[in-house]
file protein.txt (compact mmCIF, C-alpha atoms)
# COMPACT_ATOMS: atom_id res chain seq x y z
CA MET Y 1 -82.68 9.76 32.91
CA ASP Y 2 -85.06 9.91 35.85
CA ALA Y 3 -85.72 7.04 38.20
CA GLU Y 4 -88.89 6.01 36.44
CA GLU Y 5 -87.16 5.71 33.09
CA THR Y 6 -84.32 3.73 34.59
CA GLN Y 7 -86.77 1.33 36.10
CA GLU Y 8 -88.63 0.97 32.82
CA ALA Y 9 -85.37 0.20 31.00
CA GLN Y 10 -84.51 -2.43 33.58
CA GLU Y 11 -87.90 -4.06 33.32
CA ALA Y 12 -87.62 -4.06 29.56
CA MET Y 13 -84.30 -5.88 29.82
CA GLN Y 14 -85.76 -8.50 32.13
CA LEU Y 15 -88.72 -9.10 29.83
CA ARG Y 16 -86.36 -9.36 26.90
CA GLU Y 17 -84.36 -12.04 28.69
CA ARG Y 18 -87.49 -13.98 29.55
CA ILE Y 19 -88.86 -13.86 26.02
CA LYS Y 20 -85.49 -14.84 24.59
CA GLY Y 21 -85.07 -17.68 27.04
CA GLU Y 22 -88.59 -19.00 27.36
CA ALA Y 23 -90.79 -18.07 24.40
CA LYS Y 24 -91.10 -20.88 21.91
CA TYR Y 25 -89.17 -20.21 18.75
CA HIS Y 26 -91.14 -21.81 15.95
CA ALA Y 27 -88.55 -23.08 13.51
CA ALA Y 28 -89.97 -23.94 10.10
CA PRO Y 29 -90.81 -27.62 9.68
CA PRO Y 30 -88.41 -29.23 7.17
CA ARG Y 31 -91.19 -30.01 4.71
CA LEU Y 32 -92.01 -26.31 4.33
CA ALA Y 33 -88.86 -25.50 2.36
CA ALA Y 34 -89.60 -28.35 -0.02
CA ARG Y 35 -93.21 -27.23 -0.35
CA ILE Y 36 -92.20 -23.68 -1.19
CA LEU Y 37 -89.54 -24.72 -3.70
CA ALA Y 38 -92.03 -27.01 -5.40
CA SER Y 39 -94.58 -24.20 -5.68
CA LEU Y 40 -92.26 -21.62 -7.27
CA PRO Y 41 -92.86 -20.98 -10.95
CA GLU Y 42 -90.38 -22.74 -13.18
CA ASP Y 43 -87.53 -20.58 -14.27
CA PRO Y 44 -86.60 -21.35 -17.84
CA ALA Y 45 -83.18 -19.81 -17.38
CA GLU Y 46 -82.24 -22.22 -14.66
CA ILE Y 47 -79.62 -24.77 -15.45
CA PRO Y 48 -81.04 -28.11 -14.38
CA ARG Y 49 -79.20 -29.53 -11.43
CA SER Y 50 -80.99 -32.85 -11.40
CA GLY Y 51 -82.67 -34.55 -14.30
CA TRP Y 52 -83.26 -33.24 -17.80
CA ARG Y 53 -86.58 -31.56 -17.93
CA TRP Y 54 -85.96 -29.52 -21.04
CA ASN Y 55 -86.46 -30.60 -24.57
CA ILE Y 56 -83.67 -31.25 -27.03
CA ALA Y 57 -84.28 -28.08 -29.03
CA TRP Y 58 -83.88 -25.89 -25.98
CA VAL Y 59 -80.78 -27.70 -24.83
CA SER Y 60 -79.10 -27.57 -28.21
CA SER Y 61 -79.86 -23.89 -28.71
CA ALA Y 62 -78.48 -23.22 -25.24
CA VAL Y 63 -75.36 -25.20 -26.08
CA ALA Y 64 -74.98 -23.24 -29.30
CA ALA Y 65 -75.38 -19.97 -27.47
CA LEU Y 66 -72.83 -21.02 -24.90
CA CYS Y 67 -70.35 -21.98 -27.60
CA VAL Y 68 -70.71 -18.57 -29.22
CA LEU Y 69 -70.25 -16.94 -25.84
CA ALA Y 70 -67.23 -19.06 -25.05
CA LEU Y 71 -65.62 -18.40 -28.40
CA GLY Y 72 -66.38 -14.71 -28.41
CA LEU Y 73 -65.75 -13.78 -24.84
CA GLY Y 74 -63.96 -16.69 -23.29
CA MET Y 75 -60.57 -15.06 -23.38
CA PHE Y 76 -61.76 -11.89 -21.76
CA LEU Y 77 -63.99 -13.16 -19.00
CA THR Y 78 -62.70 -12.29 -15.58
CA LEU Y 79 -63.27 -15.25 -13.38
CA PRO Y 80 -63.97 -14.51 -9.74
CA ASN Y 81 -60.94 -15.28 -7.67
CA ALA Y 82 -60.69 -18.53 -5.74
CA ASP Y 83 -61.77 -17.04 -2.42
CA ASP Y 84 -64.86 -15.49 -3.96
CA ARG Y 85 -65.96 -18.77 -5.42
CA LEU Y 86 -65.19 -20.51 -2.17
CA ALA Y 87 -67.26 -17.92 -0.28
CA ASP Y 88 -70.23 -18.78 -2.51
CA ASP Y 89 -69.71 -22.48 -1.81
CA VAL Y 90 -69.44 -21.84 1.91
CA VAL Y 91 -72.74 -19.92 1.90
CA ALA Y 92 -74.32 -22.66 -0.18
CA GLY Y 93 -73.16 -25.29 2.30
CA HIS Y 94 -74.58 -23.27 5.16
CA VAL Y 95 -77.92 -22.71 3.43
CA ARG Y 96 -78.24 -26.37 2.44
CA ALA Y 97 -77.64 -27.41 6.04
CA LEU Y 98 -80.40 -25.07 7.20
CA MET Y 99 -82.77 -26.03 4.40
CA VAL Y 100 -82.81 -29.72 4.97
CA ASP Y 101 -82.85 -29.26 8.75
CA HIS Y 102 -79.80 -31.41 8.86
CA ALA Y 103 -76.98 -29.39 10.26
CA SER Y 104 -75.18 -32.25 11.96
CA ASP Y 105 -74.55 -35.94 11.35
CA VAL Y 106 -73.10 -36.31 14.79
CA ALA Y 107 -75.31 -34.37 17.15
CA SER Y 108 -73.50 -33.72 20.35
CA SER Y 109 -72.40 -30.86 22.51
CA ASP Y 110 -69.51 -32.97 23.75
CA ARG Y 111 -66.30 -32.36 21.83
CA HIS Y 112 -65.06 -35.77 22.94
CA THR Y 113 -67.90 -37.26 20.91
CA VAL Y 114 -67.65 -34.93 17.92
CA LYS Y 115 -63.89 -35.05 17.41
CA PRO Y 116 -63.52 -38.86 17.24
CA TRP Y 117 -66.52 -39.04 14.89
CA PHE Y 118 -64.39 -37.41 12.20
CA ALA Y 119 -61.50 -39.78 12.80
CA GLY Y 120 -62.57 -42.51 10.40
CA LYS Y 121 -63.95 -40.10 7.84
CA LEU Y 122 -61.24 -37.52 7.25
CA ASP Y 123 -57.51 -37.81 6.90
CA PHE Y 124 -57.04 -34.90 9.27
CA SER Y 125 -58.30 -34.11 12.73
CA PRO Y 126 -60.20 -30.82 13.00
CA PRO Y 127 -59.82 -28.91 16.26
CA VAL Y 128 -63.12 -29.06 18.14
CA PHE Y 129 -63.85 -26.80 21.10
CA ASP Y 130 -66.79 -26.54 23.41
CA LEU Y 131 -67.56 -22.85 23.74
CA THR Y 132 -70.84 -23.24 25.62
CA ALA Y 133 -69.55 -21.20 28.54
CA GLN Y 134 -68.65 -18.40 26.12
CA GLY Y 135 -72.16 -18.41 24.63
CA PHE Y 136 -71.41 -20.51 21.57
CA ALA Y 137 -72.76 -23.98 22.17
CA LEU Y 138 -71.38 -26.84 20.13
CA VAL Y 139 -74.32 -28.49 18.37
CA GLY Y 140 -72.53 -31.15 16.35
CA GLY Y 141 -70.61 -31.84 13.20
CA ARG Y 142 -70.94 -33.26 9.72
CA LEU Y 143 -68.92 -33.77 6.57
CA ASP Y 144 -69.10 -31.38 3.66
CA TYR Y 145 -67.21 -30.95 0.41
CA LEU Y 146 -65.42 -27.69 -0.36
CA ASP Y 147 -62.45 -26.67 -2.46
CA ARG Y 148 -62.47 -30.13 -4.06
CA GLN Y 149 -62.00 -32.02 -0.82
CA PRO Y 150 -63.96 -33.42 2.09
CA VAL Y 151 -64.01 -30.96 4.97
CA ALA Y 152 -65.22 -30.93 8.56
CA ALA Y 153 -68.28 -28.79 9.23
CA LEU Y 154 -68.67 -27.93 12.90
CA VAL Y 155 -71.96 -26.47 13.98
CA TYR Y 156 -72.23 -23.98 16.79
CA ARG Y 157 -75.23 -22.10 18.08
CA HIS Y 158 -75.43 -18.57 19.44
CA ARG Y 159 -78.92 -17.57 20.58
CA GLN Y 160 -81.19 -18.80 17.77
CA HIS Y 161 -78.47 -18.58 15.17
CA LEU Y 162 -76.41 -21.42 13.78
CA ILE Y 163 -72.80 -20.98 12.82
CA ASN Y 164 -71.16 -23.35 10.39
CA LEU Y 165 -67.40 -23.59 10.80
CA PHE Y 166 -65.73 -25.34 7.89
CA VAL Y 167 -62.24 -26.68 8.60
CA TRP Y 168 -59.65 -28.37 6.41
CA PRO Y 169 -55.86 -28.48 6.19
CA ALA Y 170 -54.09 -25.36 4.93
CA ALA Y 171 -50.75 -25.05 3.22
CA GLY Y 172 -49.89 -21.86 5.10
CA ASP Y 173 -51.32 -19.08 7.20
CA ALA Y 174 -53.79 -16.55 5.85
CA PRO Y 175 -54.88 -13.26 7.44
CA LEU Y 176 -58.45 -12.75 8.57
CA ARG Y 177 -60.91 -11.71 5.87
CA ARG Y 178 -64.44 -10.50 6.49
CA ILE Y 179 -66.91 -11.07 3.71
CA GLU Y 180 -70.59 -10.34 3.39
CA ARG Y 181 -72.52 -12.48 1.00
CA GLN Y 182 -76.27 -12.71 0.46
CA GLY Y 183 -76.99 -11.35 3.90
CA PHE Y 184 -74.61 -13.74 5.63
CA HIS Y 185 -71.41 -12.83 7.34
CA LEU Y 186 -68.33 -14.89 6.62
CA LEU Y 187 -64.93 -14.99 8.20
CA HIS Y 188 -61.97 -16.69 6.64
CA TRP Y 189 -58.54 -17.26 8.07
CA ALA Y 190 -55.87 -19.92 8.16
CA GLY Y 191 -53.54 -20.75 10.99
CA GLY Y 192 -52.04 -23.70 12.80
CA GLY Y 193 -52.15 -25.73 9.62
CA MET Y 194 -55.91 -25.34 9.13
CA ASN Y 195 -58.19 -23.33 6.88
CA TYR Y 196 -61.23 -21.85 8.62
CA TRP Y 197 -64.43 -20.52 7.11
CA ALA Y 198 -67.12 -19.40 9.51
CA VAL Y 199 -70.55 -18.48 8.16
CA SER Y 200 -73.71 -17.35 9.90
CA ASP Y 201 -76.60 -14.92 9.81
CA LEU Y 202 -75.25 -13.55 13.07
CA ASN Y 203 -74.11 -9.96 12.91
CA ALA Y 204 -70.46 -9.36 12.08
CA ASP Y 205 -69.47 -8.39 15.61
CA GLU Y 206 -70.82 -11.55 17.17
CA LEU Y 207 -69.17 -13.65 14.53
CA MET Y 208 -65.87 -11.92 15.29
CA GLN Y 209 -66.51 -12.67 18.95
CA PHE Y 210 -66.97 -16.33 18.03
CA ARG Y 211 -63.66 -16.34 16.21
CA LEU Y 212 -61.97 -14.71 19.18
CA MET Y 213 -63.31 -17.41 21.51
CA LEU Y 214 -62.04 -20.10 19.16
CA GLU Y 215 -58.59 -18.56 19.13
CA LYS Y 216 -58.54 -18.34 22.91
CA ALA Y 217 -59.66 -21.93 23.27
CA ALA Y 218 -56.96 -23.04 20.85
CA ASP Y 219 -54.20 -21.39 22.86
CA MET L 1 -72.21 -14.25 -11.11
CA ASP L 2 -75.28 -14.57 -13.24
CA ALA L 3 -77.41 -16.85 -11.15
CA SER L 4 -80.93 -17.27 -12.40
CA LYS L 5 -83.83 -15.72 -10.55
CA THR L 6 -84.82 -18.89 -8.76
CA ARG L 7 -81.30 -19.58 -7.60
CA ARG L 8 -80.85 -16.01 -6.41
CA PHE L 9 -84.22 -16.13 -4.68
CA GLU L 10 -83.29 -19.35 -2.91
CA ALA L 11 -80.03 -17.89 -1.72
CA VAL L 12 -81.44 -14.56 -0.51
CA VAL L 13 -84.81 -15.52 0.89
CA LEU L 14 -84.81 -19.18 1.91
CA PRO L 15 -82.27 -18.69 4.72
CA HIS L 16 -84.88 -16.63 6.53
CA LEU L 17 -87.48 -19.38 6.49
CA ASP L 18 -87.29 -19.93 10.24
CA ALA L 19 -87.79 -16.23 10.96
CA ALA L 20 -90.69 -16.15 8.49
CA TYR L 21 -92.37 -19.17 10.02
CA ASN L 22 -91.80 -18.01 13.59
CA LEU L 23 -93.49 -14.70 12.82
CA ALA L 24 -96.36 -16.28 10.89
CA ARG L 25 -96.86 -18.90 13.57
CA TRP L 26 -96.97 -16.33 16.35
CA LEU L 27 -99.38 -14.14 14.40
CA THR L 28 -101.78 -16.90 13.36
CA HIS L 29 -101.49 -19.22 16.38
CA SER L 30 -101.63 -22.31 14.21
CA ASP L 31 -99.10 -24.60 12.56
CA GLN L 32 -101.27 -25.04 9.49
CA ASP L 33 -102.03 -21.34 9.03
CA GLY L 34 -98.41 -20.47 9.72
CA GLU L 35 -97.26 -22.78 6.94
CA ASP L 36 -99.92 -21.55 4.51
CA VAL L 37 -99.13 -17.91 5.23
CA VAL L 38 -95.40 -18.49 4.74
CA GLN L 39 -95.95 -20.32 1.48
CA GLU L 40 -98.21 -17.57 0.16
CA ALA L 41 -95.73 -14.94 1.32
CA TYR L 42 -92.87 -16.71 -0.46
CA LEU L 43 -94.86 -16.81 -3.68
CA ARG L 44 -95.55 -13.10 -3.37
CA ALA L 45 -91.91 -12.46 -2.55
CA PHE L 46 -90.91 -14.38 -5.64
CA ARG L 47 -93.21 -12.25 -7.76
CA PHE L 48 -91.77 -9.02 -6.36
CA PHE L 49 -88.22 -10.31 -6.26
CA ASP L 50 -87.14 -8.49 -9.40
CA GLY L 51 -87.72 -5.23 -7.56
CA PHE L 52 -85.66 -6.30 -4.58
CA ARG L 53 -82.17 -4.87 -4.32
CA GLY L 54 -79.80 -4.91 -1.45
CA ASN L 55 -78.78 -6.92 1.52
CA HIS L 56 -81.74 -6.72 3.84
CA GLY L 57 -83.55 -9.80 2.64
CA ARG L 58 -84.72 -10.59 6.14
CA ALA L 59 -86.69 -7.37 6.80
CA TRP L 60 -87.97 -7.36 3.24
CA LEU L 61 -89.28 -10.91 3.54
CA LEU L 62 -90.73 -10.38 7.02
CA THR L 63 -92.66 -7.36 5.70
CA ILE L 64 -94.33 -9.60 3.14
CA VAL L 65 -94.95 -12.35 5.69
CA ARG L 66 -96.46 -9.87 8.12
CA ASN L 67 -98.77 -8.34 5.53
CA THR L 68 -99.83 -11.76 4.29
CA ALA L 69 -100.59 -12.89 7.83
CA MET L 70 -102.57 -9.75 8.60
CA SER L 71 -104.76 -10.01 5.53
CA TRP L 72 -105.12 -13.72 6.29
CA LEU L 73 -106.46 -12.84 9.75
CA GLU L 74 -108.65 -10.01 8.46
CA ASP L 75 -110.20 -12.20 5.79
CA GLY L 76 -111.07 -14.70 8.46
CA ARG L 77 -109.13 -17.40 6.68
CA ALA L 78 -107.64 -18.67 9.90
CA SER L 79 -108.46 -22.34 10.18
CA SER L 80 -111.68 -22.68 12.15
CA ALA L 81 -110.71 -25.86 13.88
CA THR L 82 -107.75 -24.93 15.95
CA ARG L 83 -105.05 -27.38 15.09
CA GLU L 84 -102.87 -26.66 17.97
CA TYR L 85 -102.08 -29.48 20.23
CA ASP L 86 -100.46 -29.90 23.55
CA GLU L 87 -96.85 -29.31 22.65
CA GLU L 88 -95.49 -30.56 25.94
CA ARG L 89 -97.26 -33.85 25.49
CA HIS L 90 -96.33 -34.34 21.86
CA ALA L 91 -92.80 -33.07 22.15
CA GLY L 92 -91.45 -36.62 22.28
CA ALA L 93 -92.86 -37.37 18.85
CA HIS L 94 -90.58 -34.84 17.20
CA SER L 95 -87.14 -35.58 15.93
CA ASP L 96 -84.69 -35.85 18.73
CA GLY L 97 -81.84 -33.70 17.43
CA PRO L 98 -80.17 -31.22 19.72
CA GLU L 99 -82.37 -28.50 18.27
CA ALA L 100 -85.50 -30.33 19.30
CA GLN L 101 -84.09 -30.91 22.74
CA LEU L 102 -83.19 -27.30 23.01
CA ALA L 103 -86.62 -26.21 21.85
CA ARG L 104 -88.26 -28.51 24.34
CA LYS L 105 -86.23 -27.17 27.19
CA ASP L 106 -87.40 -23.72 26.18
CA GLU L 107 -91.06 -24.55 26.22
CA ARG L 108 -91.96 -22.76 29.35
CA GLY L 109 -95.63 -22.21 29.72
CA GLN L 110 -96.08 -18.80 31.22
CA VAL L 111 -94.17 -16.67 28.74
CA ASN L 112 -95.81 -18.43 25.80
CA ALA L 113 -99.27 -18.11 27.31
CA ALA L 114 -98.81 -14.41 28.07
CA LEU L 115 -97.41 -13.69 24.60
CA LYS L 116 -100.33 -15.50 23.05
CA LYS L 117 -102.86 -13.39 24.92
CA LEU L 118 -101.35 -10.10 23.76
CA SER L 119 -103.13 -8.20 21.02
CA VAL L 120 -101.70 -8.90 17.60
CA GLU L 121 -100.07 -5.49 17.15
CA PHE L 122 -98.30 -5.82 20.50
CA ARG L 123 -97.35 -9.42 19.80
CA GLU L 124 -95.81 -8.65 16.43
CA VAL L 125 -93.51 -5.91 17.72
CA LEU L 126 -92.34 -8.08 20.62
CA VAL L 127 -91.66 -11.08 18.38
CA LEU L 128 -89.75 -8.91 15.89
CA ARG L 129 -87.77 -7.13 18.56
CA GLU L 130 -87.03 -9.79 21.17
CA MET L 131 -87.02 -12.98 19.12
CA GLU L 132 -85.72 -11.77 15.76
CA ASP L 133 -83.52 -8.92 17.03
CA LEU L 134 -84.77 -6.48 14.42
CA SER L 135 -83.80 -2.81 14.78
CA TYR L 136 -86.48 -0.17 15.38
CA ARG L 137 -86.15 0.92 11.80
CA GLU L 138 -86.60 -2.61 10.48
CA ILE L 139 -89.65 -3.10 12.70
CA ALA L 140 -91.04 0.17 11.37
CA GLN L 141 -90.62 -1.18 7.85
CA VAL L 142 -92.14 -4.58 8.62
CA ALA L 143 -95.13 -3.27 10.59
CA GLY L 144 -95.62 -0.26 8.32
CA ILE L 145 -95.52 2.33 11.12
CA PRO L 146 -93.19 5.25 11.94
CA VAL L 147 -90.12 4.58 14.08
CA GLY L 148 -91.54 6.72 16.91
CA THR L 149 -94.65 4.55 16.96
CA VAL L 150 -92.47 1.44 17.12
CA MET L 151 -90.85 2.69 20.30
CA SER L 152 -94.07 3.71 22.02
CA ARG L 153 -95.80 0.53 20.92
CA LEU L 154 -92.94 -1.61 22.23
CA SER L 155 -93.13 0.20 25.53
CA ARG L 156 -96.88 -0.37 25.82
CA ALA L 157 -96.49 -3.96 24.64
CA ARG L 158 -93.95 -4.64 27.38
CA LYS L 159 -96.23 -3.20 30.06
CA GLU L 160 -99.17 -5.26 28.83
CA PHE L 161 -97.00 -8.34 28.54
CA ALA L 162 -95.60 -7.85 32.05
CA ALA L 163 -99.14 -7.61 33.43
CA LEU L 164 -100.25 -10.78 31.63
CA LEU L 165 -97.07 -12.53 32.72
CA ALA L 166 -97.66 -11.62 36.34
CA LYS L 167 -101.07 -13.26 36.07
CA GLU L 168 -99.65 -16.34 34.37
CA ASP L 169 -96.84 -16.68 36.88
CA GLY L 170 -99.44 -16.45 39.62
CA ASN L 171 -101.47 -19.28 38.04
CA GLY L 172 -98.61 -21.49 37.11
CA ARG L 173 -96.61 -21.61 40.29
call {"tool": "encode", "arguments": {"input": "protein.txt", "output": "structure tokens"}}
result
Amino acid sequence: MDAEETQEAQEAMQLRERIKGEAKYHAAPPRLAARILASLPEDPAEIPRSGWRWNIAWVSSAVAALCVLALGLGMFLTLPNADDRLADDVVAGHVRALMVDHASDVASSDRHTVKPWFAGKLDFSPPVFDLTAQGFALVGGRLDYLDRQPVAALVYRHRQHLINLFVWPAAGDAPLRRIERQGFHLLHWAGGGMNYWAVSDLNADELMQFRLMLEKAAD
Amino acid sequence: MDASKTRRFEAVVLPHLDAAYNLARWLTHSDQDGEDVVQEAYLRAFRFFDGFRGNHGRAWLLTIVRNTAMSWLEDGRASSATREYDEERHAGAHSDGPEAQLARKDERGQVNAALKKLSVEFREVLVLREMEDLSYREIAQVAGIPVGTVMSRLSRARKEFAALLAKEDGNGR
């Protein structure tokens, strides 16, 4: 690489840093998600999650079809294992938090604010670490519901990307698992009496880095 | 898992709403146009969703957003009255979550002004590369140009941006 190219590469890096640090990132206004969802064509196959918008005939034929399915195939259906279902729920929790622009109920980068906030709301105390110096800023926390129990959701930010870290008590340790789901990366492990699920649209390496920083902070 | 089309669409495409809006907003220069472009793009995406396979929902969606924004600009549908307002001045009116605070801290005039003055084809590659961290290949897909062109265009965009920035820095300080 000649001197000119080296200089160009350096300048490119500097510009990159300035754009990353200073250019305005236009996050979608919260109403936009609602507007888009409202404008999508209705999907007759969708199971209603709120309200009954379908007529009796449709519902009863669906019920009949389901009964036939259940009778005919019920015994042979392979259900996804517990972790797979949990991974779906974890992604859903992450997406919901992003959709409603409501990632945290307690918005603070101070772990001494976030940790006590959970005290009256959960019967366990999730470990909360400030990893700002390591590039993962604590944004806040909120409650969520996973695996049939209330869990702590801690929100961290790396560059423009949010990471949701779901924490709840674990019966034992579990080795690290990496999962990719719907374009998100997930990490799951259990240790020190806690279950951890981390989910983000960050790339897998950076998410691993996040997990490493957590482990170090916990030591 | 046999999720219905809408559910699958929500899960694959909605997470990239911020990226979609950021791109549309930078291409159209207006909140209103940005929102309209994103909504139209999402409707198109929904229509084509049956043909979508794979994990790269982000690049796939941004391609549609980009094309929608470009035809929006070419058709002269950009809102005539510019609806932009002084973001510094109105920043306090927004919600005061940590995200808003963070965004406000990042509102530094010169970089934004220089980026805004770039031609649209330079602006789009810089936004995709530096703000969305897309790979050269993904940018090639989104902008509909060969990978080699992406690299040369990025290089020219950086030079042009640096020149504009030098001017802005001179004015602003």
call {"tool": "interface_residues", "arguments": {"input": "protein.txt", "of": "chain Y", "to": "chain L", "cutoff": "8 Å", "atoms": "all atoms listed in the file", "output": "PyMOL selection string"}}
result
chain Y and resi 12+15-16+18-28+32-33+35-36+39-40+43+45-46+92+95+98-99+107-108+139+182-183
call {"tool": "atom_distance", "arguments": {"input": "protein.txt", "atom1": "atom CA of L:Leu164", "atom2": "atom CA of L:Gly144"}}
result
26.0 Å
call {"tool": "atom_distance", "arguments": {"input": "protein.txt", "atom1": "atom CA of Y:Ala137", "atom2": "atom CA of Y:Phe118"}}
result
18.7 Å
call {"tool": "residues_near_point", "arguments": {"input": "protein.txt", "point": "(-52.4, -22.3, 10.2)", "cutoff": "7 Å", "atoms": "all atoms listed in the file", "output": "number ranges by chain"}}
result
Y: 170, 172-173, 190-195
call {"tool": "residues_around", "arguments": {"input": "protein.txt", "residues": "Y:Leu162", "least_positions_apart": "2", "cutoff": "10 Å", "atoms": "all atoms listed in the file", "output": "ChimeraX atom specification"}}
result
/Y:94,97-98,103,136-139,155-160,164-165,199-202
call {"tool": "residues_near_point", "arguments": {"input": "protein.txt", "point": "(-58.7, -32.0, 8.6)", "cutoff": "9 Å", "atoms": "all atoms listed in the file", "output": "PDB file with C-alpha atoms, in the frame of the given file"}}
result
ATOM      1  CA  PHE Y 118     -64.390 -37.410  12.200  1.00  0.00           C
ATOM      2  CA  LEU Y 122     -61.240 -37.520   7.250  1.00  0.00           C
ATOM      3  CA  ASP Y 123     -57.510 -37.810   6.900  1.00  0.00           C
ATOM      4  CA  PHE Y 124     -57.040 -34.900   9.270  1.00  0.00           C
ATOM      5  CA  SER Y 125     -58.300 -34.110  12.730  1.00  0.00           C
ATOM      6  CA  PRO Y 126     -60.200 -30.820  13.000  1.00  0.00           C
ATOM      7  CA  PRO Y 127     -59.820 -28.910  16.260  1.00  0.00           C
ATOM      8  CA  PRO Y 150     -63.960 -33.420   2.090  1.00  0.00           C
ATOM      9  CA  VAL Y 151     -64.010 -30.960   4.970  1.00  0.00           C
ATOM     10  CA  ALA Y 152     -65.220 -30.930   8.560  1.00  0.00           C
ATOM     11  CA  VAL Y 167     -62.240 -26.680   8.600  1.00  0.00           C
ATOM     12  CA  TRP Y 168     -59.650 -28.370   6.410  1.00  0.00           C
ATOM     13  CA  PRO Y 169     -55.860 -28.480   6.190  1.00  0.00           C
ATOM     14  CA  ALA Y 170     -54.090 -25.360   4.930  1.00  0.00           C
ATOM     15  CA  MET Y 194     -55.910 -25.340   9.130  1.00  0.00           C
ATOM     16  CA  ASN Y 195     -58.190 -23.330   6.880  1.00  0.00           C
TER      17      ASN Y 195
END
call {"tool": "residues_around", "arguments": {"input": "protein.txt", "residues": "Y:Pro116", "least_positions_apart": "4", "cutoff": "10 Å", "atoms": "all atoms listed in the file", "output": "PyMOL selection string"}}
result
chain Y and resi 111-112+120-121+125-126+128
call {"tool": "atom_distance", "arguments": {"input": "protein.txt", "atom1": "atom CA of Y:Ala198", "atom2": "atom CA of L:Val142"}}
result
29.1 Å
call {"tool": "build_atoms", "arguments": {"input": "protein.txt", "residues": "stretch 135-140 of chain L", "atoms": "all heavy atoms", "output": "PDB file, keeping the file's coordinate frame"}}
result
ATOM      1  N   SER L 135     -83.982  -4.185  14.292  1.00  0.00           N
ATOM      2  CA  SER L 135     -83.800  -2.810  14.780  1.00  0.00           C
ATOM      3  C   SER L 135     -85.147  -2.092  14.718  1.00  0.00           C
ATOM      4  O   SER L 135     -86.082  -2.548  14.067  1.00  0.00           O
ATOM      5  CB  SER L 135     -82.788  -2.080  13.896  1.00  0.00           C
ATOM      6  OG  SER L 135     -83.338  -1.886  12.609  1.00  0.00           O
ATOM      7  N   TYR L 136     -85.237  -0.943  15.414  1.00  0.00           N
ATOM      8  CA  TYR L 136     -86.480  -0.170  15.380  1.00  0.00           C
ATOM      9  C   TYR L 136     -86.862   0.164  13.948  1.00  0.00           C
ATOM     10  O   TYR L 136     -88.017   0.122  13.560  1.00  0.00           O
ATOM     11  CB  TYR L 136     -86.316   1.139  16.178  1.00  0.00           C
ATOM     12  CG  TYR L 136     -86.186   0.934  17.666  1.00  0.00           C
ATOM     13  CD1 TYR L 136     -85.420   1.797  18.438  1.00  0.00           C
ATOM     14  CD2 TYR L 136     -86.839  -0.117  18.315  1.00  0.00           C
ATOM     15  CE1 TYR L 136     -85.294   1.625  19.807  1.00  0.00           C
ATOM     16  CE2 TYR L 136     -86.724  -0.301  19.673  1.00  0.00           C
ATOM     17  CZ  TYR L 136     -85.946   0.570  20.417  1.00  0.00           C
ATOM     18  OH  TYR L 136     -85.816   0.389  21.766  1.00  0.00           O
ATOM     19  N   ARG L 137     -85.852   0.508  13.170  1.00  0.00           N
ATOM     20  CA  ARG L 137     -86.150   0.920  11.800  1.00  0.00           C
ATOM     21  C   ARG L 137     -86.693  -0.255  10.980  1.00  0.00           C
ATOM     22  O   ARG L 137     -87.617  -0.100  10.187  1.00  0.00           O
ATOM     23  CB  ARG L 137     -84.898   1.501  11.146  1.00  0.00           C
ATOM     24  CG  ARG L 137     -85.263   2.267   9.882  1.00  0.00           C
ATOM     25  CD  ARG L 137     -84.067   2.593   9.070  1.00  0.00           C
ATOM     26  NE  ARG L 137     -83.146   3.472   9.809  1.00  0.00           N
ATOM     27  CZ  ARG L 137     -82.036   3.947   9.271  1.00  0.00           C
ATOM     28  NH1 ARG L 137     -81.718   3.636   8.046  1.00  0.00           N
ATOM     29  NH2 ARG L 137     -81.238   4.711   9.980  1.00  0.00           N
ATOM     30  N   GLU L 138     -86.102  -1.440  11.216  1.00  0.00           N
ATOM     31  CA  GLU L 138     -86.600  -2.610  10.480  1.00  0.00           C
ATOM     32  C   GLU L 138     -88.032  -2.953  10.915  1.00  0.00           C
ATOM     33  O   GLU L 138     -88.871  -3.315  10.089  1.00  0.00           O
ATOM     34  CB  GLU L 138     -85.676  -3.811  10.733  1.00  0.00           C
ATOM     35  CG  GLU L 138     -84.360  -3.709   9.990  1.00  0.00           C
ATOM     36  CD  GLU L 138     -83.368  -4.792  10.410  1.00  0.00           C
ATOM     37  OE1 GLU L 138     -83.313  -5.142  11.604  1.00  0.00           O
ATOM     38  OE2 GLU L 138     -82.652  -5.283   9.534  1.00  0.00           O
ATOM     39  N   ILE L 139     -88.299  -2.830  12.220  1.00  0.00           N
ATOM     40  CA  ILE L 139     -89.650  -3.100  12.700  1.00  0.00           C
ATOM     41  C   ILE L 139     -90.634  -2.118  12.080  1.00  0.00           C
ATOM     42  O   ILE L 139     -91.733  -2.486  11.666  1.00  0.00           O
ATOM     43  CB  ILE L 139     -89.714  -3.032  14.240  1.00  0.00           C
ATOM     44  CG1 ILE L 139     -88.830  -4.128  14.843  1.00  0.00           C
ATOM     45  CG2 ILE L 139     -91.148  -3.188  14.737  1.00  0.00           C
ATOM     46  CD1 ILE L 139     -88.668  -4.041  16.348  1.00  0.00           C
ATOM     47  N   ALA L 140     -90.191  -0.846  11.983  1.00  0.00           N
ATOM     48  CA  ALA L 140     -91.040   0.170  11.370  1.00  0.00           C
ATOM     49  C   ALA L 140     -91.392  -0.234   9.938  1.00  0.00           C
ATOM     50  O   ALA L 140     -92.540  -0.122   9.499  1.00  0.00           O
ATOM     51  CB  ALA L 140     -90.326   1.524  11.382  1.00  0.00           C
TER      52      ALA L 140
END
